[in-house]
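Peer 1: The following block contains the structure, expressed as C-alpha coordinates.
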Amino acid sequence: MKFLILSTLSLGLSALSALASDLPPGVVSARLLPGWVDQAGNRVSAIELQLEPGWKTYWRQPGDSGFPPSFDWQGSTNLESVTLHWPAPEAIWSGDELTLGYHDRLVLPFTASPQMAEAGSELQLAMDFGVCEKICVPAHVVLRADQPDVRPDPQILTALKRVPVPSDVVPSCHMTPIEDGLRLVVELPQSNVDVAAMEVIGQPDIWVSTPILHSGTQGTSATVELVPPSASPFDLDTEDLLITLIDDAGAIEMQGCSTAG
(Lines give C-alpha, C1' and ligand atoms only; values in the text may rest on other atoms or scores of the structure.)
Protein backbone atom coordinates (compact mmCIF):
# COMPACT_ATOMS: atom_id res chain seq x y z
CA MET A 1 0.00 0.00 0.00
CA LYS A 2 1.37 3.41 -0.99
CA PHE A 3 1.28 6.34 1.43
CA LEU A 4 1.65 10.03 0.65
CA ILE A 5 3.35 11.95 3.48
CA LEU A 6 1.52 15.18 4.38
CA SER A 7 2.31 18.19 6.49
CA THR A 8 0.09 18.43 9.56
CA LEU A 9 -2.97 20.63 9.67
CA SER A 10 -4.33 22.51 12.67
CA LEU A 11 -7.99 23.50 12.77
CA GLY A 12 -8.92 25.94 15.51
CA LEU A 13 -12.16 27.74 16.18
CA SER A 14 -12.22 28.72 12.51
CA ALA A 15 -12.50 25.05 11.49
CA LEU A 16 -16.01 25.48 10.13
CA SER A 17 -14.85 28.09 7.61
CA ALA A 18 -11.65 26.31 6.51
CA LEU A 19 -11.23 26.10 2.74
CA ALA A 20 -11.17 22.66 1.15
CA SER A 21 -7.73 23.49 -0.25
CA ASP A 22 -6.41 23.74 3.35
CA LEU A 23 -7.48 20.21 4.24
CA PRO A 24 -5.78 16.85 3.59
CA PRO A 25 -6.54 15.31 0.17
CA GLY A 26 -9.94 13.64 0.17
CA VAL A 27 -11.23 15.57 3.22
CA VAL A 28 -13.91 18.22 2.61
CA SER A 29 -14.33 19.21 6.27
CA ALA A 30 -13.37 18.05 9.76
CA ARG A 31 -14.96 19.32 12.97
CA LEU A 32 -16.24 18.52 16.44
CA LEU A 33 -20.01 18.91 16.55
CA PRO A 34 -21.17 21.02 19.54
CA GLY A 35 -23.46 18.31 20.89
CA TRP A 36 -25.28 18.77 24.18
CA VAL A 37 -25.00 18.07 27.93
CA ASP A 38 -26.98 15.08 29.19
CA GLN A 39 -28.77 14.75 32.54
CA ALA A 40 -25.65 13.26 34.15
CA GLY A 41 -23.59 16.31 33.20
CA ASN A 42 -21.67 14.54 30.43
CA ARG A 43 -21.05 16.16 27.06
CA VAL A 44 -22.46 14.16 24.15
CA SER A 45 -20.75 15.23 20.93
CA ALA A 46 -19.28 13.74 17.74
CA ILE A 47 -16.35 13.91 15.36
CA GLU A 48 -17.54 14.66 11.84
CA LEU A 49 -15.42 13.92 8.76
CA GLN A 50 -16.85 14.86 5.37
CA LEU A 51 -14.92 13.13 2.57
CA GLU A 52 -14.74 13.53 -1.17
CA PRO A 53 -17.01 11.09 -3.08
CA GLY A 54 -15.37 7.66 -3.26
CA TRP A 55 -12.92 8.32 -0.39
CA LYS A 56 -12.99 6.26 2.79
CA THR A 57 -11.61 6.34 6.32
CA TYR A 58 -11.02 3.44 8.70
CA TRP A 59 -12.87 1.87 11.61
CA ARG A 60 -11.05 1.19 14.90
CA GLN A 61 -10.06 -2.25 13.49
CA PRO A 62 -9.25 -1.54 9.83
CA GLY A 63 -9.11 -5.12 8.55
CA ASP A 64 -6.57 -6.46 6.06
CA SER A 65 -4.80 -3.13 5.55
CA GLY A 66 -4.84 0.48 6.67
CA PHE A 67 -4.44 1.88 10.14
CA PRO A 68 -6.89 2.82 12.90
CA PRO A 69 -7.36 6.45 13.97
CA SER A 70 -5.78 7.71 17.19
CA PHE A 71 -7.14 10.41 19.49
CA ASP A 72 -5.36 12.84 21.81
CA TRP A 73 -7.60 14.90 24.12
CA GLN A 74 -4.81 16.49 26.19
CA GLY A 75 -5.67 19.99 24.96
CA SER A 76 -9.10 19.80 26.65
CA THR A 77 -9.97 21.28 30.04
CA ASN A 78 -12.00 19.73 32.88
CA LEU A 79 -12.06 16.36 31.11
CA GLU A 80 -12.03 13.06 33.00
CA SER A 81 -12.60 10.56 30.17
CA VAL A 82 -13.93 10.11 26.65
CA THR A 83 -15.94 7.11 25.44
CA LEU A 84 -16.26 6.64 21.68
CA HIS A 85 -19.46 5.13 20.26
CA TRP A 86 -18.44 3.58 16.93
CA PRO A 87 -21.20 3.15 14.31
CA ALA A 88 -21.09 -0.23 12.57
CA PRO A 89 -18.58 0.01 9.70
CA GLU A 90 -18.97 -0.86 6.04
CA ALA A 91 -17.18 -3.79 4.43
CA ILE A 92 -15.01 -2.28 1.68
CA TRP A 93 -13.37 -4.61 -0.84
CA SER A 94 -10.30 -3.61 -2.82
CA GLY A 95 -9.24 -6.56 -4.95
CA ASP A 96 -8.78 -9.44 -2.50
CA GLU A 97 -8.39 -7.13 0.52
CA LEU A 98 -11.24 -6.38 2.89
CA THR A 99 -11.10 -3.24 5.00
CA LEU A 100 -13.65 -1.90 7.47
CA GLY A 101 -14.52 1.77 7.45
CA TYR A 102 -16.77 4.53 6.18
CA HIS A 103 -17.33 6.14 2.79
CA ASP A 104 -18.02 9.81 2.18
CA ARG A 105 -19.00 10.87 5.72
CA LEU A 106 -18.36 9.72 9.27
CA VAL A 107 -20.18 10.96 12.35
CA LEU A 108 -18.42 9.34 15.32
CA PRO A 109 -20.30 10.08 18.57
CA PHE A 110 -18.57 10.25 21.94
CA THR A 111 -19.41 10.94 25.57
CA ALA A 112 -17.01 13.27 27.41
CA SER A 113 -17.18 13.03 31.21
CA PRO A 114 -15.95 16.10 33.12
CA GLN A 115 -13.69 16.04 36.18
CA MET A 116 -16.01 18.52 37.91
CA ALA A 117 -19.65 18.26 36.95
CA GLU A 118 -20.39 21.84 37.95
CA ALA A 119 -17.85 23.32 35.54
CA GLY A 120 -18.03 23.26 31.76
CA SER A 121 -15.50 21.42 29.60
CA GLU A 122 -13.58 22.77 26.65
CA LEU A 123 -12.96 20.00 24.14
CA GLN A 124 -9.87 19.86 21.93
CA LEU A 125 -8.89 16.83 19.87
CA ALA A 126 -5.68 16.03 18.00
CA MET A 127 -6.59 13.19 15.64
CA ASP A 128 -4.45 11.07 13.33
CA PHE A 129 -6.33 9.02 10.77
CA GLY A 130 -6.11 7.59 7.28
CA VAL A 131 -8.15 8.42 4.19
CA CYS A 132 -8.03 6.41 0.98
CA GLU A 133 -9.12 6.49 -2.61
CA LYS A 134 -6.45 4.90 -4.82
CA ILE A 135 -3.67 6.22 -2.59
CA CYS A 136 -3.91 6.06 1.21
CA VAL A 137 -3.08 9.32 2.97
CA PRO A 138 -2.18 9.72 6.67
CA ALA A 139 -3.77 12.91 7.98
CA HIS A 140 -3.60 14.95 11.19
CA VAL A 141 -6.11 17.54 12.41
CA VAL A 142 -6.58 19.52 15.61
CA LEU A 143 -10.22 20.36 16.36
CA ARG A 144 -12.00 22.43 19.00
CA ALA A 145 -15.69 22.25 19.84
CA ASP A 146 -18.05 25.21 20.17
CA GLN A 147 -20.23 25.49 23.25
CA PRO A 148 -22.90 22.77 23.51
CA ASP A 149 -26.40 23.28 22.20
CA VAL A 150 -29.48 23.12 24.39
CA ARG A 151 -31.10 20.24 22.50
CA PRO A 152 -29.71 16.91 21.24
CA ASP A 153 -28.34 16.92 17.70
CA PRO A 154 -30.46 14.69 15.37
CA GLN A 155 -27.44 13.64 13.29
CA ILE A 156 -25.62 12.44 16.42
CA LEU A 157 -28.73 10.56 17.56
CA THR A 158 -28.91 8.89 14.13
CA ALA A 159 -25.25 7.82 14.36
CA LEU A 160 -25.85 6.40 17.86
CA LYS A 161 -28.59 4.16 16.44
CA ARG A 162 -25.97 2.54 14.18
CA VAL A 163 -23.74 1.48 17.09
CA PRO A 164 -23.61 -2.35 17.44
CA VAL A 165 -26.02 -3.71 20.04
CA PRO A 166 -24.29 -5.50 22.97
CA SER A 167 -25.12 -9.20 23.27
CA ASP A 168 -24.65 -11.38 26.34
CA VAL A 169 -24.07 -14.46 24.15
CA VAL A 170 -20.66 -16.08 24.75
CA PRO A 171 -19.86 -18.26 21.71
CA SER A 172 -17.66 -21.33 21.85
CA CYS A 173 -14.18 -21.17 20.33
CA HIS A 174 -11.06 -23.23 19.73
CA MET A 175 -7.42 -22.04 19.73
CA THR A 176 -4.48 -23.55 17.87
CA PRO A 177 -0.87 -22.27 18.08
CA ILE A 178 0.68 -21.26 14.74
CA GLU A 179 4.26 -20.27 13.95
CA ASP A 180 3.79 -16.55 14.61
CA GLY A 181 0.77 -16.50 16.94
CA LEU A 182 -2.62 -18.18 17.29
CA ARG A 183 -5.43 -19.35 15.06
CA LEU A 184 -8.87 -18.95 16.61
CA VAL A 185 -12.10 -20.52 15.35
CA VAL A 186 -15.31 -19.05 16.81
CA GLU A 187 -18.71 -20.71 16.42
CA LEU A 188 -21.09 -17.84 15.67
CA PRO A 189 -24.59 -17.63 17.17
CA GLN A 190 -26.18 -16.64 13.84
CA SER A 191 -25.78 -17.79 10.25
CA ASN A 192 -26.72 -14.66 8.30
CA VAL A 193 -23.44 -12.80 8.90
CA ASP A 194 -22.04 -10.55 6.17
CA VAL A 195 -18.91 -9.43 8.02
CA ALA A 196 -17.22 -10.43 11.29
CA ALA A 197 -14.50 -8.46 13.05
CA MET A 198 -12.43 -9.36 16.11
CA GLU A 199 -10.22 -7.34 18.45
CA VAL A 200 -8.30 -7.91 21.67
CA ILE A 201 -9.40 -5.30 24.19
CA GLY A 202 -6.56 -3.15 25.50
CA GLN A 203 -3.96 -4.77 23.24
CA PRO A 204 -3.95 -2.88 19.93
CA ASP A 205 -0.42 -4.14 19.21
CA ILE A 206 -1.83 -7.62 18.51
CA TRP A 207 -2.50 -7.85 14.76
CA VAL A 208 -5.80 -9.56 13.97
CA SER A 209 -6.65 -10.78 10.49
CA THR A 210 -10.05 -10.30 8.92
CA PRO A 211 -12.09 -13.38 9.95
CA ILE A 212 -12.88 -15.93 7.25
CA LEU A 213 -16.49 -17.15 7.46
CA HIS A 214 -17.39 -20.81 6.94
CA SER A 215 -20.99 -22.02 6.62
CA GLY A 216 -21.75 -25.67 7.33
CA THR A 217 -24.40 -28.02 8.64
CA GLN A 218 -23.54 -27.02 12.22
CA GLY A 219 -23.82 -23.28 11.56
CA THR A 220 -21.36 -20.52 10.71
CA SER A 221 -17.86 -20.20 12.12
CA ALA A 222 -15.24 -17.46 11.84
CA THR A 223 -11.51 -18.24 11.62
CA VAL A 224 -9.00 -15.55 12.52
CA GLU A 225 -5.25 -15.34 13.09
CA LEU A 226 -3.73 -13.24 15.89
CA VAL A 227 -0.08 -12.19 15.77
CA PRO A 228 1.58 -10.44 18.75
CA PRO A 229 4.69 -8.18 18.48
CA SER A 230 6.85 -11.20 19.38
CA ALA A 231 5.53 -13.07 16.31
CA SER A 232 5.26 -16.28 18.32
CA PRO A 233 2.52 -18.33 20.04
CA PHE A 234 1.10 -16.60 23.15
CA ASP A 235 -1.52 -16.99 25.87
CA LEU A 236 -4.78 -15.27 24.94
CA ASP A 237 -7.35 -14.42 27.58
CA THR A 238 -10.49 -15.08 25.57
CA GLU A 239 -12.50 -12.80 27.88
CA ASP A 240 -10.65 -9.91 26.22
CA LEU A 241 -11.87 -10.86 22.75
CA LEU A 242 -14.38 -8.42 21.23
CA ILE A 243 -16.45 -9.84 18.36
CA THR A 244 -18.56 -7.67 16.04
CA LEU A 245 -21.03 -9.27 13.63
CA ILE A 246 -22.59 -7.20 10.84
CA ASP A 247 -25.47 -8.02 8.49
CA ASP A 248 -28.17 -6.12 6.61
CA ALA A 249 -30.26 -5.80 9.77
CA GLY A 250 -27.49 -4.10 11.77
CA ALA A 251 -24.70 -5.23 14.06
CA ILE A 252 -24.18 -6.95 17.41
CA GLU A 253 -21.15 -7.02 19.69
CA MET A 254 -20.09 -9.92 21.92
CA GLN A 255 -17.27 -9.99 24.45
CA GLY A 256 -15.36 -13.18 25.10
CA CYS A 257 -15.62 -16.75 23.90
CA SER A 258 -15.57 -20.06 25.71
CA THR A 259 -12.98 -22.77 25.10
CA ALA A 260 -14.69 -25.22 27.49
CA GLY A 261 -15.40 -28.59 25.98
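If you're wondering about the labels, chains in the C-alpha coordinates are A, B, ... by order shown, residues count from 1 in each chain, ligands from 1 in order shown.
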Got a sec: who's within 12 Å of Leu157 of chain A, counting only C-alpha atoms, leaving out chain neighbours fewer than 2 positions off, as a VMD selection string?

Peer 2: chain A and resid 35 to 36 44 to 46 85 87 107 to 110 151 to 155 159 to 163

Peer 1: The selected residues should be written to file as an mmCIF file, in the first residue's frame (atoms: N, CA, C and O atoms).

Peer 2:
```
data_model
loop_
_atom_site.group_PDB
_atom_site.id
_atom_site.type_symbol
_atom_site.label_atom_id
_atom_site.label_comp_id
_atom_site.auth_asym_id
_atom_site.auth_seq_id
_atom_site.Cartn_x
_atom_site.Cartn_y
_atom_site.Cartn_z
ATOM 1 N N GLY A 35 -22.806 19.267 20.014
ATOM 2 C CA GLY A 35 -23.460 18.312 20.893
ATOM 3 C C GLY A 35 -24.300 18.982 21.967
ATOM 4 O O GLY A 35 -24.739 20.128 21.829
ATOM 5 N N TRP A 36 -24.467 18.273 23.087
ATOM 6 C CA TRP A 36 -25.279 18.773 24.181
ATOM 7 C C TRP A 36 -24.791 18.161 25.481
ATOM 8 O O TRP A 36 -23.931 17.277 25.491
ATOM 9 N N VAL A 44 -22.256 15.093 25.246
ATOM 10 C CA VAL A 44 -22.456 14.163 24.145
ATOM 11 C C VAL A 44 -22.185 14.929 22.855
ATOM 12 O O VAL A 44 -22.873 15.901 22.549
ATOM 13 N N SER A 45 -21.165 14.512 22.132
ATOM 14 C CA SER A 45 -20.753 15.228 20.931
ATOM 15 C C SER A 45 -20.361 14.208 19.868
ATOM 16 O O SER A 45 -20.662 13.009 19.998
ATOM 17 N N ALA A 46 -19.694 14.656 18.801
ATOM 18 C CA ALA A 46 -19.277 13.741 17.736
ATOM 19 C C ALA A 46 -18.177 14.380 16.906
ATOM 20 O O ALA A 46 -18.102 15.605 16.778
ATOM 21 N N HIS A 85 -18.341 6.008 20.611
ATOM 22 C CA HIS A 85 -19.460 5.131 20.264
ATOM 23 C C HIS A 85 -19.403 4.897 18.753
ATOM 24 O O HIS A 85 -19.963 5.666 17.975
ATOM 25 N N PRO A 87 -20.161 3.748 15.163
ATOM 26 C CA PRO A 87 -21.199 3.147 14.313
ATOM 27 C C PRO A 87 -20.646 1.913 13.605
ATOM 28 O O PRO A 87 -19.441 1.814 13.346
ATOM 29 N N VAL A 107 -19.801 10.277 11.107
ATOM 30 C CA VAL A 107 -20.175 10.963 12.346
ATOM 31 C C VAL A 107 -19.899 9.968 13.466
ATOM 32 O O VAL A 107 -20.583 8.946 13.581
ATOM 33 N N LEU A 108 -18.866 10.244 14.257
ATOM 34 C CA LEU A 108 -18.416 9.343 15.323
ATOM 35 C C LEU A 108 -18.786 9.954 16.674
ATOM 36 O O LEU A 108 -18.096 10.837 17.180
ATOM 37 N N PRO A 109 -19.891 9.505 17.293
ATOM 38 C CA PRO A 109 -20.304 10.084 18.567
ATOM 39 C C PRO A 109 -19.349 9.719 19.704
ATOM 40 O O PRO A 109 -18.657 8.696 19.661
ATOM 41 N N PHE A 110 -19.330 10.555 20.724
ATOM 42 C CA PHE A 110 -18.567 10.248 21.936
ATOM 43 C C PHE A 110 -19.239 10.915 23.131
ATOM 44 O O PHE A 110 -19.995 11.882 22.991
ATOM 45 N N ARG A 151 -30.381 21.467 22.861
ATOM 46 C CA ARG A 151 -31.101 20.240 22.497
ATOM 47 C C ARG A 151 -30.153 19.231 21.856
ATOM 48 O O ARG A 151 -29.154 19.601 21.246
ATOM 49 N N PRO A 152 -30.499 17.940 21.931
ATOM 50 C CA PRO A 152 -29.706 16.906 21.242
ATOM 51 C C PRO A 152 -29.669 17.139 19.739
ATOM 52 O O PRO A 152 -30.624 17.633 19.139
ATOM 53 N N ASP A 153 -28.562 16.760 19.135
ATOM 54 C CA ASP A 153 -28.342 16.917 17.698
ATOM 55 C C ASP A 153 -28.897 15.689 16.976
ATOM 56 O O ASP A 153 -28.449 14.570 17.222
ATOM 57 N N PRO A 154 -29.870 15.853 16.055
ATOM 58 C CA PRO A 154 -30.459 14.689 15.374
ATOM 59 C C PRO A 154 -29.440 13.834 14.628
ATOM 60 O O PRO A 154 -29.580 12.608 14.580
ATOM 61 N N GLN A 155 -28.402 14.443 14.034
ATOM 62 C CA GLN A 155 -27.439 13.636 13.287
ATOM 63 C C GLN A 155 -26.576 12.781 14.223
ATOM 64 O O GLN A 155 -26.161 11.680 13.860
ATOM 65 N N ALA A 159 -26.489 8.600 14.324
ATOM 66 C CA ALA A 159 -25.255 7.818 14.358
ATOM 67 C C ALA A 159 -25.249 6.857 15.540
ATOM 68 O O ALA A 159 -24.764 5.724 15.428
ATOM 69 N N LEU A 160 -25.797 7.275 16.683
ATOM 70 C CA LEU A 160 -25.848 6.400 17.859
ATOM 71 C C LEU A 160 -26.718 5.166 17.609
ATOM 72 O O LEU A 160 -26.463 4.092 18.158
ATOM 73 N N LYS A 161 -27.728 5.299 16.764
ATOM 74 C CA LYS A 161 -28.589 4.162 16.442
ATOM 75 C C LYS A 161 -27.857 3.109 15.621
ATOM 76 O O LYS A 161 -28.309 1.958 15.528
ATOM 77 N N ARG A 162 -26.724 3.473 15.004
ATOM 78 C CA ARG A 162 -25.965 2.544 14.177
ATOM 79 C C ARG A 162 -24.859 1.839 14.967
ATOM 80 O O ARG A 162 -24.114 1.034 14.404
ATOM 81 N N VAL A 163 -24.745 2.142 16.251
ATOM 82 C CA VAL A 163 -23.738 1.477 17.086
ATOM 83 C C VAL A 163 -24.155 0.021 17.318
ATOM 84 O O VAL A 163 -25.335 -0.253 17.579
#
```

Peer 1: Which polymer residues have any atom within 8 Å of an atom of Asp180 of chain A, counting only C-alpha atoms, with same-chain residues fewer than 3 positions away left out, as a PDB file with N, CA and C atoms, in the first residue's frame?

Peer 2:
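Contents of result.pdb, as written:
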```
ATOM      1  N   VAL A 227      -1.539 -12.222  15.752  1.00  0.00           N
ATOM      2  CA  VAL A 227      -0.077 -12.192  15.775  1.00  0.00           C
ATOM      3  C   VAL A 227       0.383 -11.079  16.724  1.00  0.00           C
ATOM      4  N   PRO A 228       1.081 -11.445  17.813  1.00  0.00           N
ATOM      5  CA  PRO A 228       1.583 -10.438  18.747  1.00  0.00           C
ATOM      6  C   PRO A 228       2.894  -9.829  18.240  1.00  0.00           C
ATOM      7  N   SER A 230       5.778 -10.198  19.335  1.00  0.00           N
ATOM      8  CA  SER A 230       6.851 -11.195  19.385  1.00  0.00           C
ATOM      9  C   SER A 230       6.821 -12.157  18.205  1.00  0.00           C
ATOM     10  N   ALA A 231       5.702 -12.147  17.436  1.00  0.00           N
ATOM     11  CA  ALA A 231       5.527 -13.071  16.309  1.00  0.00           C
ATOM     12  C   ALA A 231       5.765 -14.518  16.711  1.00  0.00           C
ATOM     13  N   SER A 232       5.129 -14.922  17.808  1.00  0.00           N
ATOM     14  CA  SER A 232       5.263 -16.279  18.317  1.00  0.00           C
ATOM     15  C   SER A 232       3.972 -16.649  19.050  1.00  0.00           C
ATOM     16  N   PRO A 233       3.714 -17.937  19.292  1.00  0.00           N
ATOM     17  CA  PRO A 233       2.520 -18.328  20.041  1.00  0.00           C
ATOM     18  C   PRO A 233       2.474 -17.638  21.403  1.00  0.00           C
TER      19      PRO A 233
END
```

Peer 1: With a distance cut-off of 8 Å and only C-alpha atoms, select the neighbouring residues of Glu52 of chain A, excluding the residue or stretch itself and same-chain residues fewer than 3 positions from it, and output the selection as a PyMOL selection string.

Peer 2: chain A and resi 26-28+55+104

Peer 1: Any idea what the distance is between atom CA of Thr259 of chain A and atom CA of Val208 of chain A?

Peer 2: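 For atom CA of Thr259 of chain A relative to atom CA of Val208 of chain A, the distance reads 18.7 Å.
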
Peer 1: So how many Å separate atom CA of Pro69 of chain A and atom CA of Val142 of chain A, to one decimal?

Peer 2: 13.2 Å

Peer 1: Using only C-alpha atoms, find the one residue out of A:Ser94, A:Ser121, A:Asn42, A:Thr158 that sits nearest to Ile135 of chain A.

Peer 2: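 Residue with the minimum atom-to-atom distance to Ile135 of chain A: A:Ser94.
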
Peer 1: Using DSSP assignments from the backbone, pull out every residue in segment 56-166 of chain A that falls under helix (DSSP H, G or I) and give it to me as a PyMOL selection string.

Peer 2: chain A and resi 154-160

Peer 1: Find the residues around Gln218 of chain A up to 10 Å (only C-alpha atoms counted), leave out those fewer than 2 positions away in its own chain, and share them as a list in words.

Peer 2: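 What passes the distance filter is Glu187, Ser191, Ser215, Gly216, Thr220 and Ser221 of chain A.
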
Peer 1: Measuring between only C-alpha atoms, which one of A:Arg43, A:Lys134, A:Arg144, A:Arg60 shows the shortest distance to Gly95 of chain A?

Peer 2: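 Looking at the shortest contact to Gly95 of chain A, the residue is A:Lys134.
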
Peer 1: Give the strand (DSSP E) residues of segment 31-252 of chain A, as assigned by DSSP on the backbone, as an MDAnalysis selection string.

Peer 2: chainID A and resid 31:37 43:51 56:63 70:72 81:84 90:94 97:103 105:113 124:132 136:144 165:167 173:178 181:187 195:200 207:208 212:216 219:227 241:247 250:252

Peer 1: Identify, on the basis of only C-alpha atoms, every residue whose closest approach to Pro68 of chain A does not exceed 8 Å; exclude the query and any residue fewer than 6 positions from it along the same chain; express the result as number ranges by chain.

Peer 2: A: 58-62, 129-130

Peer 1: Suppose you want the space between atom CA of Ala222 of chain A and atom CA of Glu97 of chain A; what is it in Å?

Peer 2: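 Atom-to-atom, atom CA of Ala222 of chain A and atom CA of Glu97 of chain A are spaced 16.8 Å apart.
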
Peer 1: Each residue of segment 79-116 of chain A lying at most 12 Å from segment 237-258 of chain A should get a row with its shortest atom-to-atom pair and the distance in Å to one decimal, counting only C-alpha atoms; could you produce that, ordered by chain and increasing number, as CSV?

Peer 2:
```
residue,atom,partner,partner_atom,distance
A:Trp86,CA,A:Ala251,CA,11.2
A:Pro87,CA,A:Ala251,CA,9.1
A:Ala88,CA,A:Ala251,CA,6.3
A:Pro89,CA,A:Ile246,CA,8.3
A:Glu90,CA,A:Ile246,CA,8.7
A:Ala91,CA,A:Ile246,CA,9.1
A:Leu100,CA,A:Ile246,CA,10.9
```

Peer 1: Choose the residue, out of A:Ser29, A:Thr57, A:Gln74, A:Thr99, that has the smallest atom-to-atom separation from Glu122 of chain A; count only C-alpha atoms.

Peer 2: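 Smallest separation from Glu122 of chain A among the options: A:Gln74.
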
Peer 1: Which is closest to Leu23 of chain A among A:Pro229, A:His140, A:Ile201, A:Asp72, if we use only C-alpha atoms?

Peer 2: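 When distances to Leu23 of chain A are compared using only C-alpha atoms, the smallest one comes from A:His140.
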
Peer 1: For Cys173 of chain A, which residue out of A:Pro189, A:Pro114, A:Gly101, A:Pro148 is the nearest one, using only C-alpha atoms?

Peer 2: A:Pro189

Peer 1: Measuring between only C-alpha atoms, which one of A:Gly66, A:Gly219, A:Pro177, A:Pro166 shows the shortest distance to Gln190 of chain A?

Peer 2: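 Looking only at the distances to Gln190 of chain A, the closest residue turns out to be A:Gly219.
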
Peer 1: Could you pull the residues within 7 Å of Gln124 of chain A, counting only C-alpha atoms, minus those fewer than 3 positions along the same chain, as a PyMOL selection string?

Peer 2: chain A and resi 73+75-76+143-145
